[in-house]
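Below: the structure, in structure tokens.
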Amino acid sequence: MEIRTLRYFMAIAREENMTRAAALLHVSQSTLSKQMQMLEEELGKKLFQRHSFSISLTEEGMLLRKRAADVLLLTDKISTEFASLNDITGGNIYFGCAETYQIRYLANYIKEFKVNYPNFHYHITSGDTEQVEEKLNAGILDFALIVEAPDYDNYNVLELPEGDIWGLVMPGDCPLATKENIAFEDLIGLPLFCSGQGWRFDLPQWCGKGIEQLNLEGSFRLHYNASVFVKEGLGYLLTYDKLCNTSPETGLVFRPLSPLLETKIYIIWKKGQILTPIANRFIEGLQERFC
């Protein structure tokens, strides 16, 4: 299976049309069609559903799209790494970041780093800890910023100075909004929204087996989406402080949990990983600042 063939496949998947994909790739439609036929034969699976004026992916095609995207990202990353080996003023670094307000530490350092290394470029992939660790282990990312206790056996770990504080986001006119803090008993009987990761790992640290008494109405990976559901009166969001906009015009408020629940934030990278010169300079600077 050639990289070029995967790029052809991804173009068709994006365009959902063989003619448009061929034009973008500057190849003939017959060449493109033959390449896809050979790919299907190689994999032994049908990848496309062909309609009158469009093409859609089969389940096997959707699986290949996910895998091909990772392969092409890694291929491009390798090319840029080798191209920048002799460039002491720049290069590319790939980060995977979970949602956290403490990403501000990373953003602040990147701002300063670019002053000294003007040809430095960074690429940010967002996701929960499981998603970014998967890409880190596959070599697609150089570093991951996670909100879960790391595996110290497999990763180098840098802990950021501050963690995230858990609390409840709710309409400002609801009875709970009059309280300064939210206790476990306040949550019983409420329709709650939370990330799957937070519900499985963080909340049990706070209330133990009491989590079984709480009602998870729905889980969200994007806190903004969850806040829209809160505005519509569908439930209450358990999340970190400052991830959702709770300014007065939103009609939402945040109240911290009591007792305090704080999640530590870490930057990790694989042990034994060979970093590019710019990535080495970057992490060395971060270690000097936070260690």
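Each chain in the structure tokens gets a letter, A, B, ..., in the order shown, and its residues are numbered from 1; ligands are numbered from 1 in order too.
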
Task: In segment 94-186 of chain A, DSSP helix (DSSP H, G or I) residues written as JSON, numbers by chain - done: {"A": [103, 104, 105, 106, 107, 108, 109, 110, 111, 112, 113, 114, 115, 116, 129, 130, 131, 132, 133, 134, 135, 136, 137, 175, 176, 177, 178, 184, 185, 186]}

Since we have the selection now, will you write its residues out, keeping C-alpha atoms, as a tab-separated table (two decimals), in the first residue's frame?
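Contents of again01.tsv, as written:
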```
chain	number	residue	atom	x	y	z
A	103	ILE	CA	-3.11	25.31	28.71
A	104	ARG	CA	-2.37	29.01	29.27
A	105	TYR	CA	1.04	27.97	30.65
A	106	LEU	CA	1.83	26.25	27.37
A	107	ALA	CA	0.52	29.16	25.31
A	108	ASN	CA	2.57	31.67	27.31
A	109	TYR	CA	5.77	29.68	26.88
A	110	ILE	CA	5.16	29.19	23.13
A	111	LYS	CA	4.81	32.97	22.80
A	112	GLU	CA	8.19	33.53	24.45
A	113	PHE	CA	9.84	30.65	22.60
A	114	LYS	CA	8.90	32.07	19.20
A	115	VAL	CA	10.82	35.26	20.00
A	116	ASN	CA	14.08	33.28	20.11
A	129	THR	CA	-6.43	12.05	27.51
A	130	GLU	CA	-7.13	8.72	25.84
A	131	GLN	CA	-7.21	10.27	22.37
A	132	VAL	CA	-4.01	12.29	22.68
A	133	GLU	CA	-2.09	9.44	24.34
A	134	GLU	CA	-3.01	7.17	21.43
A	135	LYS	CA	-1.53	9.64	18.95
A	136	LEU	CA	1.51	10.21	21.16
A	137	ASN	CA	2.21	6.47	21.31
A	175	PRO	CA	-31.77	27.95	43.56
A	176	LEU	CA	-28.29	26.36	43.67
A	177	ALA	CA	-26.76	29.53	42.21
A	178	THR	CA	-27.29	31.26	45.59
A	184	PHE	CA	-22.51	16.15	47.11
A	185	GLU	CA	-26.02	16.22	48.52
A	186	ASP	CA	-26.88	19.16	46.24
```

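Residues in contact with Ala69 of chain A at up to 12 Å, not including ones fewer than 5 positions away on its chain and judged by only C-alpha atoms, are A:Ile3, A:Leu6, A:Arg7, A:Tyr8, A:Phe9, A:Met10, A:Ala11, A:Ala13, A:Arg14, A:Met62, A:Leu63, A:Leu64, A:Leu74, A:Thr75, A:Asp76, A:Lys135, A:Ile140.
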
Those residues with N, CA and C atoms, as an mmCIF file, in the first residue's frame please?
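Everything below was put into again02.cif:
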```
data_model
loop_
_atom_site.group_PDB
_atom_site.id
_atom_site.type_symbol
_atom_site.label_atom_id
_atom_site.label_comp_id
_atom_site.auth_asym_id
_atom_site.auth_seq_id
_atom_site.Cartn_x
_atom_site.Cartn_y
_atom_site.Cartn_z
ATOM 1 N N ILE A 3 1.828 5.373 0.009
ATOM 2 C CA ILE A 3 1.363 6.623 0.615
ATOM 3 C C ILE A 3 0.538 7.415 -0.397
ATOM 4 N N LEU A 6 -2.987 6.267 -0.467
ATOM 5 C CA LEU A 6 -3.754 6.735 0.692
ATOM 6 C C LEU A 6 -4.164 8.197 0.511
ATOM 7 N N ARG A 7 -3.298 9.005 -0.078
ATOM 8 C CA ARG A 7 -3.650 10.404 -0.328
ATOM 9 C C ARG A 7 -4.793 10.478 -1.346
ATOM 10 N N TYR A 8 -4.746 9.623 -2.354
ATOM 11 C CA TYR A 8 -5.840 9.562 -3.316
ATOM 12 C C TYR A 8 -7.152 9.206 -2.605
ATOM 13 N N PHE A 9 -7.072 8.188 -1.771
ATOM 14 C CA PHE A 9 -8.268 7.736 -1.036
ATOM 15 C C PHE A 9 -8.845 8.850 -0.175
ATOM 16 N N MET A 10 -7.976 9.567 0.540
ATOM 17 C CA MET A 10 -8.442 10.633 1.428
ATOM 18 C C MET A 10 -9.085 11.773 0.641
ATOM 19 N N ALA A 11 -8.564 12.056 -0.538
ATOM 20 C CA ALA A 11 -9.144 13.110 -1.377
ATOM 21 C C ALA A 11 -10.568 12.728 -1.795
ATOM 22 N N ALA A 13 -12.535 10.650 -0.197
ATOM 23 C CA ALA A 13 -13.355 10.661 1.016
ATOM 24 C C ALA A 13 -13.800 12.082 1.366
ATOM 25 N N ARG A 14 -12.920 13.066 1.158
ATOM 26 C CA ARG A 14 -13.267 14.458 1.455
ATOM 27 C C ARG A 14 -14.267 15.014 0.444
ATOM 28 N N MET A 62 -14.685 3.926 6.265
ATOM 29 C CA MET A 62 -14.559 4.877 7.374
ATOM 30 C C MET A 62 -13.426 4.478 8.305
ATOM 31 N N LEU A 63 -13.234 3.170 8.495
ATOM 32 C CA LEU A 63 -12.109 2.705 9.306
ATOM 33 C C LEU A 63 -10.788 3.067 8.632
ATOM 34 N N LEU A 64 -10.717 2.841 7.314
ATOM 35 C CA LEU A 64 -9.485 3.178 6.596
ATOM 36 C C LEU A 64 -9.220 4.678 6.636
ATOM 37 N N LEU A 74 1.665 11.125 10.281
ATOM 38 C CA LEU A 74 2.988 10.660 10.693
ATOM 39 C C LEU A 74 3.988 10.820 9.550
ATOM 40 N N THR A 75 3.554 10.511 8.326
ATOM 41 C CA THR A 75 4.438 10.666 7.160
ATOM 42 C C THR A 75 4.873 12.119 6.985
ATOM 43 N N ASP A 76 3.907 13.036 7.083
ATOM 44 C CA ASP A 76 4.228 14.457 6.941
ATOM 45 C C ASP A 76 5.129 14.931 8.076
ATOM 46 N N LYS A 135 -2.318 9.015 20.015
ATOM 47 C CA LYS A 135 -1.530 9.638 18.949
ATOM 48 C C LYS A 135 -0.077 9.823 19.383
ATOM 49 N N ILE A 140 2.673 10.281 16.267
ATOM 50 C CA ILE A 140 2.103 11.409 15.532
ATOM 51 C C ILE A 140 2.342 12.714 16.287
#
```

Task: Near-segment 209-226 of chain A list (12 Å; only C-alpha atoms; drop same-chain fewer than 5 positions) as a PyMOL selection string - done: chain A and resi 98-101+126-131+168-170+183-204+231-246+250

Open item on the list: Using only C-alpha atoms, can you tell me which of A:Ile182, A:Ile278, A:Val230, A:Cys207 comes closest to Leu257 of chain A?
Closed with: A:Ile182

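Checking A:Leu43, A:Met38, A:Leu72, A:Phe53 one by one against Met18 of chain A, counting only C-alpha atoms, you find the shortest gap at A:Phe53.
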
Task: Which residue of A:Ala279, A:Ala144, A:Leu24, A:Ile165 approaches His121 of chain A most closely, using only C-alpha atoms - done: A:Ala279

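Within 12 Å of segment 39-42 of chain A there are Met1, Glu2, Ile3, Arg4, Thr5, Leu6, Arg7, Tyr8, Phe9, Leu32, Ser33, Lys34, Gln35, Lys46, Leu47, Phe48, Thr58, Glu60, Gly61 and Leu64 of chain A, counting only C-alpha atoms and ignoring same-chain residues fewer than 4 positions away.
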
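The closest residue to Cys97 of chain A, picked from A:Val147, A:Ala22, A:Leu275, A:Val228 and counting only C-alpha atoms, is A:Val147.
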
Task: Filtered DSSP result for segment 119-229 of chain A, state strand (DSSP E), as an MDAnalysis selection string - done: chainID A and resid 119:126 143:146 155:159 164:171 191:194 215:219

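Rounded to one decimal, atom CA of Pro161 of chain A and atom CA of Ile93 of chain A lie 22.2 Å from each other.
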
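Computed from the coordinates, the atom CA of Glu15 of chain A to atom CA of Gly44 of chain A distance equals 23.4 Å.
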